[in-house]
file protein_33.txt (compact mmCIF, C-alpha atoms)
# COMPACT_ATOMS: atom_id res chain seq x y z
CA MET A 114 0.00 0.00 0.00
CA LYS A 115 1.32 3.44 -0.94
CA ASP A 116 2.44 5.63 1.98
CA PRO A 117 -0.19 8.39 2.31
CA LEU A 118 2.26 10.75 4.08
CA ARG A 119 4.29 13.29 2.14
CA PHE A 120 6.98 15.08 4.17
CA SER A 121 8.67 18.26 2.97
CA ARG A 122 10.94 18.37 6.03
CA ARG A 123 11.27 16.91 9.53
CA PRO A 124 11.06 19.49 12.31
CA GLU A 125 12.95 18.97 15.57
CA LEU A 126 10.20 18.48 18.15
CA PRO A 127 11.29 16.55 21.25
CA SER A 128 7.91 17.41 22.82
CA SER A 129 4.95 19.37 21.50
CA SER A 130 1.26 20.23 21.72
CA LEU A 131 -1.09 19.62 18.79
CA VAL A 132 -4.02 21.84 17.79
CA VAL A 133 -6.48 20.39 15.25
CA ALA A 134 -9.10 22.16 13.11
CA TRP A 135 -11.47 20.97 10.38
CA SER A 136 -12.49 23.02 7.35
CA GLY A 137 -16.23 23.63 7.04
CA ASP A 138 -16.49 24.28 10.77
CA VAL A 139 -19.24 26.62 12.05
CA GLY A 140 -18.01 30.13 11.35
CA GLN A 141 -14.76 28.55 10.10
CA LEU A 142 -13.64 29.07 13.68
CA GLY A 143 -11.05 26.29 13.79
CA PRO A 144 -9.32 27.25 10.51
CA LYS A 145 -9.34 30.94 11.52
CA VAL A 146 -7.70 30.09 14.83
CA LEU A 147 -5.02 28.08 13.04
CA ASP A 148 -4.47 30.80 10.43
CA TYR A 149 -3.88 33.30 13.24
CA LEU A 150 -1.43 30.99 14.99
CA LYS A 151 0.44 30.31 11.74
CA ARG A 152 0.80 34.01 11.06
CA LYS A 153 1.73 35.10 14.60
CA LEU A 154 4.10 32.23 15.41
CA GLY A 155 5.64 31.59 11.99
CA CYS A 156 4.40 27.99 11.73
CA GLU A 157 5.57 26.27 8.53
CA SER A 158 4.13 23.29 6.68
CA PHE A 159 6.14 20.08 6.98
CA CYS A 160 3.83 17.19 6.04
CA GLU A 161 0.52 16.39 4.35
CA ILE A 162 -1.75 13.38 4.02
CA GLU A 163 -2.56 12.40 0.45
CA PRO A 164 -6.32 12.82 -0.10
CA VAL A 165 -6.98 9.96 -2.54
CA ASP A 166 -8.08 7.31 -0.04
CA PHE A 167 -10.15 9.60 2.17
CA PHE A 168 -11.93 12.17 0.01
CA PRO A 169 -14.21 11.81 -3.05
CA LEU A 170 -12.31 13.21 -6.03
CA GLY A 171 -15.06 12.77 -8.60
CA GLY A 172 -15.90 16.45 -8.22
CA VAL A 173 -14.41 19.50 -6.54
CA ALA A 174 -15.86 22.65 -5.01
CA ILE A 175 -15.31 26.05 -6.64
CA GLU A 176 -15.34 29.25 -4.59
CA ASP A 177 -14.69 32.68 -6.11
CA SER A 178 -13.55 30.94 -9.33
CA LEU A 179 -10.87 28.99 -7.41
CA VAL A 180 -10.92 25.19 -7.29
CA GLN A 181 -10.96 23.93 -3.69
CA PHE A 182 -9.09 20.62 -3.42
CA PRO A 183 -9.22 18.73 -0.11
CA GLU A 184 -6.07 19.20 1.96
CA SER A 185 -4.75 17.68 5.17
CA ARG A 186 -1.63 19.50 6.26
CA PHE A 187 0.67 19.72 9.29
CA TYR A 188 2.44 22.91 10.40
CA ALA A 189 5.01 23.39 13.13
CA SER A 190 6.70 26.06 15.22
CA PRO A 191 9.58 24.22 16.94
CA ARG A 192 10.42 27.36 18.93
CA HIS A 193 6.98 27.18 20.56
CA ASN A 194 6.78 23.35 20.70
CA LEU A 195 3.57 23.63 18.69
CA VAL A 196 2.10 21.52 15.88
CA LEU A 197 -1.03 22.45 13.92
CA PHE A 198 -3.12 20.13 11.78
CA GLU A 199 -5.76 21.52 9.42
CA SER A 200 -7.86 19.33 7.17
CA ASN A 201 -11.14 18.85 5.42
CA SER A 202 -13.22 16.26 7.25
CA PRO A 203 -12.48 12.86 5.65
CA ALA A 204 -15.44 11.38 3.83
CA SER A 205 -14.43 7.78 4.53
CA GLU A 206 -12.07 5.59 6.57
CA TRP A 207 -12.16 7.83 9.62
CA TYR A 208 -10.30 5.33 11.81
CA ARG A 209 -7.41 4.91 9.38
CA PHE A 210 -7.20 8.65 8.68
CA LEU A 211 -7.11 9.63 12.35
CA ASN A 212 -4.49 7.01 13.12
CA ILE A 213 -2.28 8.24 10.29
CA MET A 214 -2.63 11.75 11.72
CA LEU A 215 -1.81 10.48 15.21
CA ASP A 216 1.17 8.50 13.88
CA VAL A 217 2.72 11.77 12.75
CA ALA A 218 1.79 13.44 16.03
CA GLU A 219 3.18 10.66 18.20
CA HIS A 220 6.23 9.37 16.31
CA TYR A 221 7.52 12.52 14.56
CA CYS A 222 6.32 15.32 16.86
CA HIS A 223 6.23 13.57 20.25
CA VAL A 224 2.90 15.20 21.05
CA LYS A 225 2.06 15.26 24.75
CA GLU A 226 -1.44 16.80 24.45
CA LEU A 227 -4.06 17.47 21.77
CA TYR A 228 -6.69 20.19 21.36
CA ALA A 229 -9.41 20.00 18.69
CA ILE A 230 -11.09 23.35 17.93
CA GLY A 231 -14.65 23.89 16.69
CA GLY A 232 -17.58 26.27 16.64
CA MET A 233 -21.25 25.66 17.37
CA VAL A 234 -24.31 27.73 16.48
CA ALA A 235 -25.84 29.54 19.45
CA VAL A 236 -29.24 31.22 19.69
CA SER A 237 -27.84 34.13 21.65
CA ALA A 238 -26.90 37.78 21.22
CA HIS A 239 -23.36 38.89 20.42
CA THR A 240 -23.36 40.87 23.68
CA THR A 241 -23.33 37.57 25.60
CA PRO A 242 -19.78 36.69 26.73
CA ARG A 243 -18.30 33.86 24.68
CA GLU A 244 -17.86 30.63 26.60
CA LEU A 245 -15.46 27.78 26.01
CA VAL A 246 -17.18 24.39 26.14
CA ALA A 247 -15.16 21.19 26.26
CA ASN A 248 -15.20 17.44 26.50
CA PHE A 249 -12.18 15.41 27.55
CA ASN A 250 -10.83 11.94 26.95
CA SER A 251 -9.82 11.43 30.58
CA SER A 252 -10.67 12.67 34.05
CA GLU A 253 -7.00 13.60 34.52
CA VAL A 254 -6.94 16.11 31.65
CA LYS A 255 -10.31 17.48 32.76
CA GLU A 256 -8.91 18.13 36.24
CA ALA A 257 -5.73 19.69 34.80
CA LEU A 258 -7.81 22.25 32.88
CA THR A 259 -10.07 23.19 35.80
CA PRO A 260 -8.36 26.60 36.36
CA TYR A 261 -9.10 27.75 32.79
CA GLN A 262 -12.83 28.51 33.17
CA ILE A 263 -13.97 25.86 30.69
CA LEU A 264 -17.52 24.52 30.76
CA GLY A 265 -17.24 20.77 30.93
CA GLU A 266 -20.26 19.68 32.96
CA PHE A 267 -22.73 18.39 30.40
CA ASP A 268 -24.00 15.00 29.25
CA TYR A 269 -24.50 13.86 25.68
CA GLU A 270 -25.06 10.55 23.95
CA THR A 271 -24.82 9.98 20.20
CA PRO A 272 -28.36 9.36 18.86
CA LEU A 273 -29.13 5.76 17.97
CA GLY A 274 -28.15 4.99 14.39
CA GLN A 275 -25.76 7.93 14.08
CA ARG A 276 -21.99 7.79 14.34
CA PRO A 277 -20.05 10.01 16.77
CA THR A 278 -18.67 13.35 15.67
CA LEU A 279 -15.20 13.34 14.14
CA ASN A 280 -13.75 15.08 17.20
CA SER A 281 -15.30 12.51 19.53
CA PHE A 282 -13.74 9.78 17.41
CA LEU A 283 -10.41 11.66 17.56
CA LEU A 284 -10.52 11.84 21.37
CA TRP A 285 -11.17 8.09 21.54
CA ALA A 286 -8.30 7.31 19.14
CA ALA A 287 -5.96 9.58 21.14
CA LYS A 288 -6.96 7.89 24.40
CA ARG A 289 -5.94 4.51 22.97
CA ARG A 290 -2.44 5.99 22.61
CA ASN A 291 -2.50 7.61 26.07
CA ILE A 292 -2.48 11.10 24.56
CA PRO A 293 -4.51 13.56 26.69
CA ALA A 294 -7.03 15.21 24.36
CA VAL A 295 -9.71 17.90 24.57
CA SER A 296 -12.42 18.96 22.15
CA LEU A 297 -13.05 22.71 22.53
CA TRP A 298 -16.14 24.53 21.22
CA VAL A 299 -17.27 28.14 21.28
CA PRO A 300 -21.00 28.96 20.81
CA ILE A 301 -21.17 31.56 18.01
CA PRO A 302 -24.25 33.83 17.67
CA PHE A 303 -26.19 32.37 14.76
CA TYR A 304 -26.33 35.65 12.83
CA LEU A 305 -22.52 35.90 12.85
CA ALA A 306 -21.78 32.26 12.00
CA GLY A 307 -21.68 32.95 8.26
CA ILE A 308 -19.68 36.18 8.52
CA ASP A 309 -17.03 36.48 11.21
CA ASP A 310 -16.88 36.54 14.99
CA PRO A 311 -13.48 37.69 16.25
CA GLU A 312 -14.76 37.46 19.85
CA SER A 313 -15.06 33.67 19.48
CA LYS A 314 -11.63 33.47 17.88
CA LYS A 315 -10.12 35.45 20.75
CA ARG A 316 -11.78 33.19 23.34
CA VAL A 317 -10.08 30.08 21.93
CA LEU A 318 -6.76 31.78 21.26
CA ALA A 319 -6.58 33.27 24.75
CA PHE A 320 -6.93 29.77 26.23
CA ILE A 321 -4.28 28.30 23.90
CA ASP A 322 -1.94 31.20 24.62
CA GLN A 323 -2.33 30.80 28.38
CA ARG A 324 -2.18 27.01 28.41
CA LEU A 325 0.84 26.70 26.12
CA GLU A 326 2.58 29.87 27.37
CA LEU A 327 3.00 31.30 23.87
CA GLY A 328 3.16 34.99 24.79
CA ILE A 329 1.00 36.19 21.89
CA ASP A 330 0.31 39.92 21.46
CA PHE A 331 -3.43 40.18 20.70
CA SER A 332 -3.53 43.92 19.96
CA ASP A 333 -4.42 43.28 16.29
CA LEU A 334 -7.24 40.93 17.21
CA ASP A 335 -8.51 43.35 19.86
CA GLY A 336 -8.68 45.95 17.08
CA GLU A 337 -10.80 43.54 14.99
CA ILE A 338 -13.14 43.05 17.93
CA ARG A 339 -13.55 46.80 18.48
CA SER A 340 -14.23 47.36 14.79
CA GLN A 341 -16.80 44.55 14.72
CA ASN A 342 -18.56 45.86 17.82
CA GLU A 343 -18.75 49.35 16.31
CA LYS A 344 -20.33 47.94 13.15
CA LEU A 345 -22.80 45.88 15.17
CA ALA A 346 -23.76 48.94 17.20
CA GLU A 347 -24.21 50.90 13.98
CA ALA A 348 -26.44 48.18 12.58
CA ARG A 349 -28.60 48.28 15.70
CA ASN A 350 -28.85 52.07 15.55
CA ASN A 351 -29.74 52.22 11.87
CA VAL A 352 -31.91 49.16 11.24
CA PRO A 353 -34.94 48.93 13.57
CA TYR A 354 -35.70 45.24 13.05
CA ILE A 355 -32.07 44.32 13.81
CA GLU A 356 -32.26 46.22 17.09
CA GLU A 357 -35.62 44.64 17.94
CA SER A 358 -34.39 41.10 17.22
CA ILE A 359 -31.14 41.45 19.18
CA ALA A 360 -32.98 43.06 22.10
CA LYS A 361 -35.26 40.01 22.20
CA LEU A 362 -32.26 37.69 22.30
CA GLU A 363 -30.69 39.75 25.08
CA SER A 364 -33.84 39.31 27.16
CA ASN A 365 -33.91 35.54 26.44
CA GLN A 366 -36.93 35.75 24.16
CA SER A 367 -37.10 33.41 21.19
CA LEU A 368 -37.31 34.60 17.58
CA SER A 369 -39.60 33.15 14.97
CA GLU A 370 -38.06 31.43 11.97
CA GLU A 371 -38.91 34.46 9.85
CA GLU A 372 -37.34 36.87 12.36
CA SER A 373 -34.20 34.74 12.60
CA LEU A 374 -33.77 34.57 8.84
CA ARG A 375 -34.37 38.30 8.48
CA LEU A 376 -31.75 39.03 11.15
CA VAL A 377 -29.19 36.75 9.46
CA ASN A 378 -29.75 38.34 6.04
CA GLY A 379 -29.92 41.88 7.39
CA MET A 380 -26.72 41.53 9.40
CA ASP A 381 -24.93 39.94 6.49
CA GLU A 382 -25.90 42.78 4.17
CA PHE A 383 -25.00 45.48 6.70
CA LEU A 384 -21.61 44.07 7.74
CA ARG A 385 -20.57 43.33 4.18
CA GLY A 386 -21.56 46.83 3.14
CA LYS A 387 -24.12 45.79 0.52
call {"tool": "encode", "arguments": {"input": "protein_33.txt", "output": "structure tokens"}}
result
Amino acid sequence: MKDPLRFSRRPELPSSSLVVAWSGDVGQLGPKVLDYLKRKLGCESFCEIEPVDFFPLGGVAIEDSLVQFPESRFYASPRHNLVLFESNSPASEWYRFLNIMLDVAEHYCHVKELYAIGGMVAVSAHTTPRELVANFNSSEVKEALTPYQILGEFDYETPLGQRPTLNSFLLWAAKRRNIPAVSLWVPIPFYLAGIDDPESKKRVLAFIDQRLELGIDFSDLDGEIRSQNEKLAEARNNVPYIEESIAKLESNQSLSEEESLRLVNGMDEFLRGK
């Protein structure tokens, strides 16, 4: 069988932490977090997984006239003992794909901990503080992260007839190798999920920065957040139904399907300057 791994170099990583993100995530939160880390920390690509066995290649997506081929790529910053893995979600052979990914993490990067990043849609206003929700693959890692103000007290069981989420599968595969692993999620206000929510990005990045002691300067991201909040305030001041809908959410009132759709479309048009 052909080796699905293609290395461009072998970074020196005697010990490292791995952060994982999947394309197509809610609000593209995971990929945006990784893009920020790559830019701020100078992470460079060193390996990729060939897509042939894991992704349907009978057709490809096209966005803005650019062909979007599936990619599964590793990046590293040896100076920060950090490895990033960004990929489309594999369409098939999840178990084999995740174990190939973990082979690289374990044998080439000596990963001591793993964090999978994702977003979830929230029926809440953007004025609600962003929370970090997590599930863990061991009680030990859960206890170790207690000081970081992570919500981890909830119960969930995969519905009968459905398979677990990819991140749940990843945590299980990591546990079999004795790699502590956490799946992290940030609830994103539903009317920002298709645009951008720098507050959610900052919430994840602040945790990663603190946990891994990276020393990141977030002044640029804080500027994004201020700019976004100014635009949101302007939208509320200038568009009555946007103000009415967000005020309802702030007082924990539900919106009708029509109101929700109108808020999504109105906010999209306003923030994109249409």
call {"tool": "residues_around", "arguments": {"input": "protein_33.txt", "residues": "A:Leu227", "least_positions_apart": "4", "cutoff": "8 Å", "atoms": "only C-alpha atoms", "output": "ChimeraX atom specification"}}
result
/A:130-133,292-295
call {"tool": "atom_distance", "arguments": {"input": "protein_33.txt", "atom1": "atom CA of A:Val234", "atom2": "atom CA of A:Ile301"}}
result
5.2 Å
call {"tool": "residues_around", "arguments": {"input": "protein_33.txt", "residues": "stretch 331-347 of chain A", "least_positions_apart": "6", "cutoff": "9 Å", "atoms": "all atoms listed in the file", "output": "ChimeraX atom specification"}}
result
/A:239,309-312,314-315,319,356,380,383-384
call {"tool": "atom_distance", "arguments": {"input": "protein_33.txt", "atom1": "atom CA of A:Val139", "atom2": "atom CA of A:Ile230"}}
result
10.6 Å
call {"tool": "closest_residue", "arguments": {"input": "protein_33.txt", "among": "A:Pro353, A:Trp207, A:Val224, A:Leu305", "to": "A:Ser281", "atoms": "all atoms listed in the file"}}
result
A:Trp207
call {"tool": "closest_residue", "arguments": {"input": "protein_33.txt", "among": "A:Val254, A:Val317, A:Cys160, A:Ile359", "to": "A:Ala134", "atoms": "only C-alpha atoms"}}
result
A:Val317
call {"tool": "atom_distance", "arguments": {"input": "protein_33.txt", "atom1": "atom CA of A:Phe167", "atom2": "atom CA of A:Tyr149"}}
result
26.9 Å
call {"tool": "closest_residue", "arguments": {"input": "protein_33.txt", "among": "A:Phe303, A:Tyr261, A:Phe320, A:Tyr208", "to": "A:Ala287", "atoms": "all atoms listed in the file"}}
result
A:Tyr208
call {"tool": "closest_residue", "arguments": {"input": "protein_33.txt", "among": "A:Ser205, A:Glu382, A:Glu326, A:Tyr221", "to": "A:Arg122", "atoms": "all atoms listed in the file"}}
result
A:Tyr221
call {"tool": "closest_residue", "arguments": {"input": "protein_33.txt", "among": "A:Arg119, A:Lys145, A:Lys151, A:Arg316", "to": "A:Arg243", "atoms": "only C-alpha atoms"}}
result
A:Arg316
call {"tool": "closest_residue", "arguments": {"input": "protein_33.txt", "among": "A:Glu206, A:Glu125, A:Glu256, A:Glu363", "to": "A:His193", "atoms": "only C-alpha atoms"}}
result
A:Glu125
